[in-house]
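Chemist: The following file, coords.cif, comprises mmCIF, C-alpha atoms; chains and numbers go by the auth columns:
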```
data_start
#
loop_
_atom_site.group_PDB
_atom_site.id
_atom_site.type_symbol
_atom_site.label_atom_id
_atom_site.label_comp_id
_atom_site.label_asym_id
_atom_site.label_seq_id
_atom_site.Cartn_x
_atom_site.Cartn_y
_atom_site.Cartn_z
_atom_site.B_iso_or_equiv
_atom_site.auth_seq_id
_atom_site.auth_asym_id
ATOM 1 C CA MET A 1 -7.535 -23.477 13.299 0.00 22 B
ATOM 2 C CA SER A 2 -5.730 -20.130 13.395 0.00 23 B
ATOM 3 C CA ALA A 3 -7.556 -17.059 14.650 0.00 24 B
ATOM 4 C CA PRO A 4 -9.314 -14.995 11.971 0.00 25 B
ATOM 5 C CA VAL A 5 -7.747 -11.787 10.699 0.00 26 B
ATOM 6 C CA ARG A 6 -9.370 -8.932 12.616 0.00 27 B
ATOM 7 C CA VAL A 7 -10.308 -5.962 10.449 0.00 28 B
ATOM 8 C CA LEU A 8 -11.262 -2.396 11.358 0.00 29 B
ATOM 9 C CA VAL A 9 -13.386 -0.767 8.630 0.00 30 B
ATOM 10 C CA CYS A 10 -13.199 3.021 8.354 0.00 31 B
ATOM 11 C CA ASP A 11 -15.367 4.880 5.818 0.00 32 B
ATOM 12 C CA ASP A 12 -17.597 7.909 6.304 0.00 33 B
ATOM 13 C CA GLN A 13 -20.311 6.521 4.022 0.00 34 B
ATOM 14 C CA VAL A 14 -22.506 4.197 6.069 0.00 35 B
ATOM 15 C CA LEU A 15 -23.682 2.187 3.072 0.00 36 B
ATOM 16 C CA ILE A 16 -20.139 1.453 1.895 0.00 37 B
ATOM 17 C CA ARG A 17 -18.945 0.749 5.429 0.00 38 B
ATOM 18 C CA THR A 18 -21.788 -1.697 6.004 0.00 39 B
ATOM 19 C CA GLY A 19 -21.207 -3.361 2.655 0.00 40 B
ATOM 20 C CA LEU A 20 -17.501 -3.841 3.318 0.00 41 B
ATOM 21 C CA SER A 21 -18.176 -5.228 6.771 0.00 42 B
ATOM 22 C CA THR A 22 -20.784 -7.664 5.457 0.00 43 B
ATOM 23 C CA ILE A 23 -18.389 -8.998 2.813 0.00 44 B
ATOM 24 C CA ILE A 24 -15.561 -9.361 5.323 0.00 45 B
ATOM 25 C CA ASP A 25 -17.629 -10.994 8.057 0.00 46 B
ATOM 26 C CA ALA A 26 -18.920 -13.611 5.620 0.00 47 B
ATOM 27 C CA GLN A 27 -15.427 -15.102 5.390 0.00 48 B
ATOM 28 C CA PRO A 28 -14.414 -17.808 7.895 0.00 49 B
ATOM 29 C CA ASP A 29 -10.839 -16.497 8.122 0.00 50 B
ATOM 30 C CA LEU A 30 -11.774 -12.819 8.544 0.00 51 B
ATOM 31 C CA ALA A 31 -13.703 -10.907 11.201 0.00 52 B
ATOM 32 C CA VAL A 32 -14.769 -7.281 11.569 0.00 53 B
ATOM 33 C CA ALA A 33 -13.304 -5.972 14.818 0.00 54 B
ATOM 34 C CA GLY A 34 -15.028 -2.607 14.535 0.00 55 B
ATOM 35 C CA GLU A 35 -16.339 0.181 12.296 0.00 56 B
ATOM 36 C CA CYS A 36 -15.970 3.954 12.261 0.00 57 B
ATOM 37 C CA GLY A 37 -16.638 6.958 10.040 0.00 58 B
ATOM 38 C CA ASP A 38 -13.618 9.242 10.439 0.00 59 B
ATOM 39 C CA GLY A 39 -9.856 9.047 10.769 0.00 60 B
ATOM 40 C CA ARG A 40 -9.673 10.165 14.382 0.00 61 B
ATOM 41 C CA SER A 41 -12.015 7.379 15.415 0.00 62 B
ATOM 42 C CA ALA A 42 -9.913 4.933 13.381 0.00 63 B
ATOM 43 C CA VAL A 43 -6.781 5.869 15.328 0.00 64 B
ATOM 44 C CA GLU A 44 -8.581 5.611 18.667 0.00 65 B
ATOM 45 C CA LEU A 45 -10.308 2.318 17.849 0.00 66 B
ATOM 46 C CA ALA A 46 -7.111 0.801 16.473 0.00 67 B
ATOM 47 C CA ALA A 47 -5.384 1.532 19.797 0.00 68 B
ATOM 48 C CA GLU A 48 -8.275 -0.038 21.668 0.00 69 B
ATOM 49 C CA LEU A 49 -9.083 -3.025 19.444 0.00 70 B
ATOM 50 C CA ARG A 50 -5.619 -3.838 18.027 0.00 71 B
ATOM 51 C CA PRO A 51 -6.889 -5.012 14.610 0.00 72 B
ATOM 52 C CA ASP A 52 -4.630 -6.872 12.187 0.00 73 B
ATOM 53 C CA VAL A 53 -5.678 -4.677 9.262 0.00 74 B
ATOM 54 C CA VAL A 54 -7.422 -1.319 8.912 0.00 75 B
ATOM 55 C CA VAL A 55 -9.433 -0.802 5.719 0.00 76 B
ATOM 56 C CA MET A 56 -9.191 2.965 5.310 0.00 77 B
ATOM 57 C CA ASP A 57 -11.046 5.489 3.171 0.00 78 B
ATOM 58 C CA VAL A 58 -9.142 8.654 2.188 0.00 79 B
ATOM 59 C CA ARG A 59 -11.627 11.512 2.277 0.00 80 B
ATOM 60 C CA MET A 60 -13.295 11.661 5.679 0.00 81 B
ATOM 61 C CA PRO A 61 -14.284 14.291 8.247 0.00 82 B
ATOM 62 C CA VAL A 62 -12.433 15.187 11.473 0.00 83 B
ATOM 63 C CA LEU A 63 -9.194 13.518 10.293 0.00 84 B
ATOM 64 C CA ASP A 64 -8.658 12.274 6.754 0.00 85 B
ATOM 65 C CA GLY A 65 -7.376 8.823 5.871 0.00 86 B
ATOM 66 C CA ILE A 66 -3.890 10.054 5.006 0.00 87 B
ATOM 67 C CA GLU A 67 -3.235 11.595 8.406 0.00 88 B
ATOM 68 C CA ALA A 68 -4.895 8.662 10.134 0.00 89 B
ATOM 69 C CA THR A 69 -2.630 6.278 8.205 0.00 90 B
ATOM 70 C CA ARG A 70 0.432 8.297 9.198 0.00 91 B
ATOM 71 C CA LEU A 71 -0.557 8.036 12.858 0.00 92 B
ATOM 72 C CA LEU A 72 -1.209 4.305 12.551 0.00 93 B
ATOM 73 C CA ALA A 73 1.630 3.179 10.290 0.00 94 B
ATOM 74 C CA GLY A 74 3.984 6.073 9.647 0.00 95 B
ATOM 75 C CA ALA A 75 7.661 6.416 10.387 0.00 96 B
ATOM 76 C CA GLY A 76 8.355 6.330 14.088 0.00 97 B
ATOM 77 C CA VAL A 77 5.107 4.630 15.080 0.00 98 B
ATOM 78 C CA ARG A 78 6.041 2.200 17.841 0.00 99 B
ATOM 79 C CA HIS A 79 3.438 -0.437 17.009 0.00 100 B
ATOM 80 C CA PRO A 80 2.411 0.165 13.377 0.00 101 B
ATOM 81 C CA VAL A 81 -0.865 -1.204 12.078 0.00 102 B
ATOM 82 C CA LYS A 82 -1.254 -2.553 8.560 0.00 103 B
ATOM 83 C CA VAL A 83 -3.453 -0.214 6.514 0.00 104 B
ATOM 84 C CA LEU A 84 -5.215 -1.004 3.249 0.00 105 B
ATOM 85 C CA VAL A 85 -6.491 2.161 1.561 0.00 106 B
ATOM 86 C CA VAL A 86 -9.715 1.721 -0.392 0.00 107 B
ATOM 87 C CA THR A 87 -10.467 4.758 -2.509 0.00 108 B
ATOM 88 C CA THR A 88 -12.045 6.230 -5.614 0.00 109 B
ATOM 89 C CA PHE A 89 -9.141 6.856 -8.005 0.00 110 B
ATOM 90 C CA ASN A 90 -10.749 9.624 -10.042 0.00 111 B
ATOM 91 C CA LEU A 91 -11.574 11.622 -6.930 0.00 112 B
ATOM 92 C CA ASP A 92 -8.781 10.991 -4.474 0.00 113 B
ATOM 93 C CA GLU A 93 -5.610 12.639 -5.744 0.00 114 B
ATOM 94 C CA TYR A 94 -3.661 11.993 -2.581 0.00 115 B
ATOM 95 C CA VAL A 95 -3.448 8.193 -2.510 0.00 116 B
ATOM 96 C CA TYR A 96 0.283 8.513 -3.121 0.00 117 B
ATOM 97 C CA GLU A 97 0.544 10.499 0.085 0.00 118 B
ATOM 98 C CA ALA A 98 -1.260 7.704 1.919 0.00 119 B
ATOM 99 C CA LEU A 99 1.351 5.241 0.660 0.00 120 B
ATOM 100 C CA ARG A 100 4.101 7.571 1.850 0.00 121 B
ATOM 101 C CA ALA A 101 2.289 7.745 5.169 0.00 122 B
ATOM 102 C CA GLY A 102 2.733 4.013 5.618 0.00 123 B
ATOM 103 C CA ALA A 103 -0.203 2.275 3.936 0.00 124 B
ATOM 104 C CA SER A 104 0.571 -1.261 2.807 0.00 125 B
ATOM 105 C CA GLY A 105 -1.451 -0.904 -0.372 0.00 126 B
ATOM 106 C CA PHE A 106 -4.621 0.342 -1.976 0.00 127 B
ATOM 107 C CA LEU A 107 -7.662 -0.789 -3.903 0.00 128 B
ATOM 108 C CA LEU A 108 -10.366 0.984 -5.819 0.00 129 B
ATOM 109 C CA LYS A 109 -13.851 1.052 -4.329 0.00 130 B
ATOM 110 C CA ASP A 110 -15.289 -0.501 -7.474 0.00 131 B
ATOM 111 C CA ALA A 111 -12.998 -3.542 -7.150 0.00 132 B
ATOM 112 C CA PRO A 112 -14.887 -6.858 -6.945 0.00 133 B
ATOM 113 C CA PRO A 113 -15.324 -8.405 -3.472 0.00 134 B
ATOM 114 C CA ASP A 114 -12.801 -11.166 -4.114 0.00 135 B
ATOM 115 C CA ARG A 115 -10.103 -8.569 -4.803 0.00 136 B
ATOM 116 C CA LEU A 116 -10.923 -6.779 -1.547 0.00 137 B
ATOM 117 C CA LEU A 117 -10.697 -10.035 0.381 0.00 138 B
ATOM 118 C CA HIS A 118 -7.436 -10.944 -1.347 0.00 139 B
ATOM 119 C CA GLY A 119 -6.097 -7.497 -0.475 0.00 140 B
ATOM 120 C CA ILE A 120 -6.919 -7.844 3.205 0.00 141 B
ATOM 121 C CA ARG A 121 -5.320 -11.280 3.388 0.00 142 B
ATOM 122 C CA THR A 122 -2.249 -10.105 1.485 0.00 143 B
ATOM 123 C CA VAL A 123 -1.695 -7.096 3.728 0.00 144 B
ATOM 124 C CA ALA A 124 -2.364 -9.158 6.871 0.00 145 B
ATOM 125 C CA MET A 125 0.459 -11.514 5.876 0.00 146 B
ATOM 126 C CA GLY A 126 2.859 -8.579 5.725 0.00 147 B
ATOM 127 C CA ALA A 127 2.991 -8.205 1.945 0.00 148 B
ATOM 128 C CA ALA A 128 2.200 -5.089 -0.056 0.00 149 B
ATOM 129 C CA LEU A 129 -0.762 -4.848 -2.392 0.00 150 B
ATOM 130 C CA LEU A 130 -0.233 -2.878 -5.584 0.00 151 B
ATOM 131 C CA ASP A 131 -2.520 -2.978 -8.564 0.00 152 B
ATOM 132 C CA PRO A 132 -0.019 -2.690 -11.471 0.00 153 B
ATOM 133 C CA ASP A 133 -2.227 -0.596 -13.762 0.00 154 B
ATOM 134 C CA VAL A 134 -3.357 1.769 -11.026 0.00 155 B
ATOM 135 C CA THR A 135 0.193 2.062 -9.697 0.00 156 B
ATOM 136 C CA ARG A 136 1.477 3.243 -13.081 0.00 157 B
ATOM 137 C CA ARG A 137 -1.346 5.750 -13.512 0.00 158 B
ATOM 138 C CA LEU A 138 -1.336 7.035 -9.972 0.00 159 B
ATOM 139 C CA VAL A 139 2.358 7.385 -9.180 0.00 160 B
ATOM 140 C CA GLY A 140 3.260 8.291 -12.744 0.00 161 B
ATOM 141 C CA ARG A 141 0.735 11.103 -12.673 0.00 162 B
ATOM 142 C CA TYR A 142 2.553 12.756 -9.793 0.00 163 B
ATOM 143 C CA ALA A 143 6.105 11.792 -10.716 0.00 164 B
ATOM 144 C CA ALA A 144 7.138 15.374 -11.509 0.00 165 B
ATOM 145 C CA ARG A 145 5.824 16.598 -8.169 0.00 166 B
ATOM 146 C CA ILE A 146 7.360 13.896 -5.996 0.00 167 B
ATOM 147 C CA ARG A 147 10.727 13.574 -7.714 0.00 168 B
ATOM 148 C CA PRO A 148 13.499 15.568 -5.976 0.00 169 B
ATOM 149 C CA ALA A 149 15.289 18.356 -7.801 0.00 170 B
ATOM 150 C CA GLU A 150 18.695 16.767 -7.228 0.00 171 B
ATOM 151 C CA GLY A 151 20.068 13.249 -6.968 0.00 172 B
ATOM 152 C CA SER A 152 20.418 10.361 -9.371 0.00 173 B
ATOM 153 C CA ALA A 153 20.686 6.607 -9.593 0.00 174 B
ATOM 154 C CA VAL A 154 24.383 6.986 -8.804 0.00 175 B
ATOM 155 C CA ASP A 155 23.390 7.946 -5.258 0.00 176 B
ATOM 156 C CA VAL A 156 21.374 4.741 -4.783 0.00 177 B
ATOM 157 C CA PRO A 157 23.347 1.962 -3.016 0.00 178 B
ATOM 158 C CA LEU A 158 22.249 -0.838 -5.348 0.00 179 B
ATOM 159 C CA THR A 159 23.963 -2.934 -7.997 0.00 180 B
ATOM 160 C CA PRO A 160 22.942 -2.374 -11.651 0.00 181 B
ATOM 161 C CA ARG A 161 20.839 -5.550 -11.547 0.00 182 B
ATOM 162 C CA GLU A 162 19.128 -4.503 -8.337 0.00 183 B
ATOM 163 C CA LEU A 163 18.388 -1.109 -9.865 0.00 184 B
ATOM 164 C CA GLU A 164 16.832 -2.884 -12.838 0.00 185 B
ATOM 165 C CA VAL A 165 14.610 -4.931 -10.547 0.00 186 B
ATOM 166 C CA LEU A 166 13.649 -1.847 -8.524 0.00 187 B
ATOM 167 C CA ARG A 167 12.593 -0.020 -11.696 0.00 188 B
ATOM 168 C CA LEU A 168 10.403 -2.967 -12.690 0.00 189 B
ATOM 169 C CA ILE A 169 8.833 -3.031 -9.227 0.00 190 B
ATOM 170 C CA ALA A 170 8.080 0.672 -9.606 0.00 191 B
ATOM 171 C CA ASP A 171 6.484 -0.095 -12.958 0.00 192 B
ATOM 172 C CA GLY A 172 4.034 -2.329 -11.112 0.00 193 B
ATOM 173 C CA LEU A 173 5.360 -5.705 -12.250 0.00 194 B
ATOM 174 C CA SER A 174 4.846 -8.756 -10.077 0.00 195 B
ATOM 175 C CA ASN A 175 7.700 -11.118 -9.219 0.00 196 B
ATOM 176 C CA SER A 176 6.588 -13.506 -11.955 0.00 197 B
ATOM 177 C CA GLU A 177 6.493 -10.705 -14.524 0.00 198 B
ATOM 178 C CA ILE A 178 9.944 -9.496 -13.453 0.00 199 B
ATOM 179 C CA ALA A 179 11.281 -13.052 -13.754 0.00 200 B
ATOM 180 C CA ALA A 180 9.903 -13.296 -17.289 0.00 201 B
ATOM 181 C CA ALA A 181 11.221 -9.856 -18.284 0.00 202 B
ATOM 182 C CA LEU A 182 14.748 -10.564 -17.037 0.00 203 B
ATOM 183 C CA VAL A 183 14.736 -14.283 -17.896 0.00 204 B
ATOM 184 C CA ILE A 184 15.570 -15.340 -14.366 0.00 205 B
ATOM 185 C CA SER A 185 13.824 -17.603 -11.856 0.00 206 B
ATOM 186 C CA HIS A 186 11.048 -16.524 -9.549 0.00 207 B
ATOM 187 C CA GLU A 187 13.217 -17.386 -6.538 0.00 208 B
ATOM 188 C CA THR A 188 16.027 -15.192 -7.866 0.00 209 B
ATOM 189 C CA VAL A 189 13.627 -12.283 -8.148 0.00 210 B
ATOM 190 C CA LYS A 190 12.509 -12.817 -4.550 0.00 211 B
ATOM 191 C CA THR A 191 16.152 -12.716 -3.485 0.00 212 B
ATOM 192 C CA PHE A 192 16.728 -9.447 -5.365 0.00 213 B
ATOM 193 C CA VAL A 193 13.602 -7.889 -3.854 0.00 214 B
ATOM 194 C CA SER A 194 14.681 -8.908 -0.356 0.00 215 B
ATOM 195 C CA ARG A 195 18.155 -7.418 -0.897 0.00 216 B
ATOM 196 C CA ILE A 196 16.695 -4.173 -2.233 0.00 217 B
ATOM 197 C CA LEU A 197 14.366 -3.750 0.745 0.00 218 B
ATOM 198 C CA THR A 198 17.180 -4.534 3.172 0.00 219 B
ATOM 199 C CA LYS A 199 19.757 -2.223 1.556 0.00 220 B
ATOM 200 C CA LEU A 200 17.319 0.690 1.324 0.00 221 B
ATOM 201 C CA ASP A 201 15.753 0.007 4.740 0.00 222 B
ATOM 202 C CA LEU A 202 12.288 -0.272 3.217 0.00 223 B
ATOM 203 C CA ARG A 203 9.350 -2.158 4.657 0.00 224 B
ATOM 204 C CA ASP A 204 7.694 -3.468 1.507 0.00 225 B
ATOM 205 C CA ARG A 205 7.120 -3.040 -2.234 0.00 226 B
ATOM 206 C CA VAL A 206 4.933 0.008 -1.722 0.00 227 B
ATOM 207 C CA GLN A 207 7.812 1.844 -0.107 0.00 228 B
ATOM 208 C CA ALA A 208 10.065 0.609 -2.912 0.00 229 B
ATOM 209 C CA VAL A 209 7.786 2.263 -5.484 0.00 230 B
ATOM 210 C CA VAL A 210 7.796 5.508 -3.514 0.00 231 B
ATOM 211 C CA TYR A 211 11.591 5.365 -3.216 0.00 232 B
ATOM 212 C CA ALA A 212 12.050 4.800 -6.942 0.00 233 B
ATOM 213 C CA TYR A 213 9.958 7.821 -7.872 0.00 234 B
ATOM 214 C CA ARG A 214 11.445 10.073 -5.206 0.00 235 B
ATOM 215 C CA HIS A 215 14.948 9.282 -6.480 0.00 236 B
ATOM 216 C CA GLY A 216 14.118 9.760 -10.143 0.00 237 B
ATOM 217 C CA LEU A 217 14.660 6.116 -11.096 0.00 238 B
ATOM 218 C CA VAL A 218 11.464 5.903 -13.155 0.00 239 B
ATOM 219 C CA THR A 219 10.641 8.101 -16.107 0.00 240 B
#
```
In C-alpha cells, what does this structure look like?

Modeler:
Amino acid sequence: MSAPVRVLVCDDQVLIRTGLSTIIDAQPDLAVAGECGDGRSAVELAAELRPDVVVMDVRMPVLDGIEATRLLAGAGVRHPVKVLVVTTFNLDEYVYEALRAGASGFLLKDAPPDRLLHGIRTVAMGAALLDPDVTRRLVGRYAARIRPAEGSAVDVPLTPRELEVLRLIADGLSNSEIAAALVISHETVKTFVSRILTKLDLRDRVQAVVYAYRHGLVT
C-alpha cells in the first residue's frame, strides 16, 4: 500500500479545524500531519512536517492565508507545497489573491465532506481544483480589477484553438465539458490543456484561469 497523503490543517476556528481533521483522519488514504490556527504557524509547521497538502483558511491572525500561501507555494519558492484554500465565499473577497499566490484550488466551508476529501486527493495528485460555478462568480466579480489596462489576445502566444480552450477553462468548464462544447475527444482536450500550460509556463488550471483574466481573454 502507498503511504497516506499527509495533510496540514490551518484554521483559526478550533471547531472547524477539529472537524476538518476528524473527517480527514477517518480516511485510510489520508492522515493529518498537524494542525495550527494562523498563517505563520502554517509556514513553520509545513517546513518542519513536510505535508503533501495544506488545507488553508484565508482570514486568520498573525499572518493571513493569502500571505501564508505565497510563502508556501508562490513564485520563487524552492520547494512549493500544495495548498487547498477552504473559505467562506460571501466573506472572503480575496480568494482570487490566494490563487495568484500559488494555491492549487479552493472550496467553500459549507461543501460536503466528500467534496473536501476529493479536493485534497485531487490537489495531492498535482491537479487543480476549481468549482466551475464559484470560479465564474469569484473571478468574474473581480475581472475589472485584475485585468490589465493594456494588452490583448494578440499578445498571447497561443493558436486560435488553444485560445478557445483557454477561455473555456477560464469559464470553469471541465475537460469533458470542453470536449462536448468543441465536439472533440477528451484526449484532444487534455493535449490542448498541456500545450497551453507549457507555452504559457503555467503550473495548473488555476494559473490558467488567472492568466486568462489578467490578459483580458474573458469578458

Chemist: Residues at most 10 Å from stretch 56-71 of chain B, counting only C-alpha atoms, excluding those fewer than 2 positions away in the same chain, as a VMD selection string?

Modeler: chain B and resid 27 to 35 38 to 39 41 to 42 53 to 54 73 to 93 100 102

Chemist: Suppose a student applies the PyMOL selection byres ((chain B and resi 140) around 12) to this structure; what residues should they get, written as an MDAnalysis selection string?

Modeler: chainID B and resid 28 45 51 74:76 103:107 125:129 132:139 141:152

Chemist: Taking all atoms listed in the file into account, name the residue in B:Val186, B:Leu221, B:Arg216, B:Ala229 that is nearest to B:Val204.

Modeler: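 Nearest candidate to B:Val204 out of B:Val186, B:Leu221, B:Arg216, B:Ala229: B:Val186.
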
Chemist: Please, what distance in Å, to one decimal, runs between atom CA of B:Ser197 and atom CA of B:Thr209?

Modeler: 10.4 Å

Chemist: Which one is closest to B:Ala94: B:Ile190, B:Tyr232, B:Ile44, B:Arg224? Count all atoms listed in the file.

Modeler: B:Arg224

Chemist: Expand the PyMOL selection byres ((chain B and resi 182) around 12) into the explicit residue set it covers here, and present it as a VMD selection string.

Modeler: chain B and resid 178 to 181 183 to 189 199 203 205 209 to 210 212 to 214 216 to 217

Chemist: Please provide as a PDB file with C-alpha atoms, in the frame of the given file all residues within 8 Å of B:Pro25, with the sequence filter that same-chain residues fewer than 6 positions apart are discarded (counting only C-alpha atoms).

Modeler:
```
ATOM      1  CA  PRO B  49     -14.414 -17.808   7.895  1.00  0.00           C
ATOM      2  CA  ASP B  50     -10.839 -16.497   8.122  1.00  0.00           C
ATOM      3  CA  LEU B  51     -11.774 -12.819   8.544  1.00  0.00           C
ATOM      4  CA  ALA B  52     -13.703 -10.907  11.201  1.00  0.00           C
TER       5      ALA B  52
END
```

Chemist: Expand the PyMOL selection byres ((chain B and resi 121) around 9) into the individual residues it matches in the shown file, reporting them as an MDAnalysis selection string.

Modeler: chainID B and resid 87 91 95 116:120 122:124 227:228 231

Chemist: Quick one: write out the picked residues with C-alpha atoms as a PDB file, in the frame of the given file?

Modeler:
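Writing the result to part-v1.pdb gives the following:
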```pdb
ATOM      1  CA  ILE B  87      -3.890  10.054   5.006  1.00  0.00           C
ATOM      2  CA  ARG B  91       0.432   8.297   9.198  1.00  0.00           C
ATOM      3  CA  GLY B  95       3.984   6.073   9.647  1.00  0.00           C
ATOM      4  CA  VAL B 116      -3.448   8.193  -2.510  1.00  0.00           C
ATOM      5  CA  TYR B 117       0.283   8.513  -3.121  1.00  0.00           C
ATOM      6  CA  GLU B 118       0.544  10.499   0.085  1.00  0.00           C
ATOM      7  CA  ALA B 119      -1.260   7.704   1.919  1.00  0.00           C
ATOM      8  CA  LEU B 120       1.351   5.241   0.660  1.00  0.00           C
ATOM      9  CA  ALA B 122       2.289   7.745   5.169  1.00  0.00           C
ATOM     10  CA  GLY B 123       2.733   4.013   5.618  1.00  0.00           C
ATOM     11  CA  ALA B 124      -0.203   2.275   3.936  1.00  0.00           C
ATOM     12  CA  VAL B 227       4.933   0.008  -1.722  1.00  0.00           C
ATOM     13  CA  GLN B 228       7.812   1.844  -0.107  1.00  0.00           C
ATOM     14  CA  VAL B 231       7.796   5.508  -3.514  1.00  0.00           C
TER      15      VAL B 231
END
```

Chemist: Record the distance separating atom CA of B:Asp176 and atom CA of B:Lys220, expressed in Å with one decimal.

Modeler: 12.8 Å

Chemist: Restricting the calculation to all atoms listed in the file: of B:Ala201, B:Ala24, B:Ala96, B:Val239, which residue gets closest to B:Leu223?

Modeler: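 Among the listed residues, B:Ala96 lies closest to B:Leu223.
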
Chemist: May I ask for the distance between atom CA of B:Tyr234 and atom CA of B:Thr219, given in Å to one decimal place?

Modeler: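 Distance reported for this atom pair: 18.1 Å.
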
Chemist: Of the residues B:Gly97, B:His207, B:Ser195, B:Pro72, which is the one nearest to B:Gly55, using only C-alpha atoms?

Modeler: B:Pro72
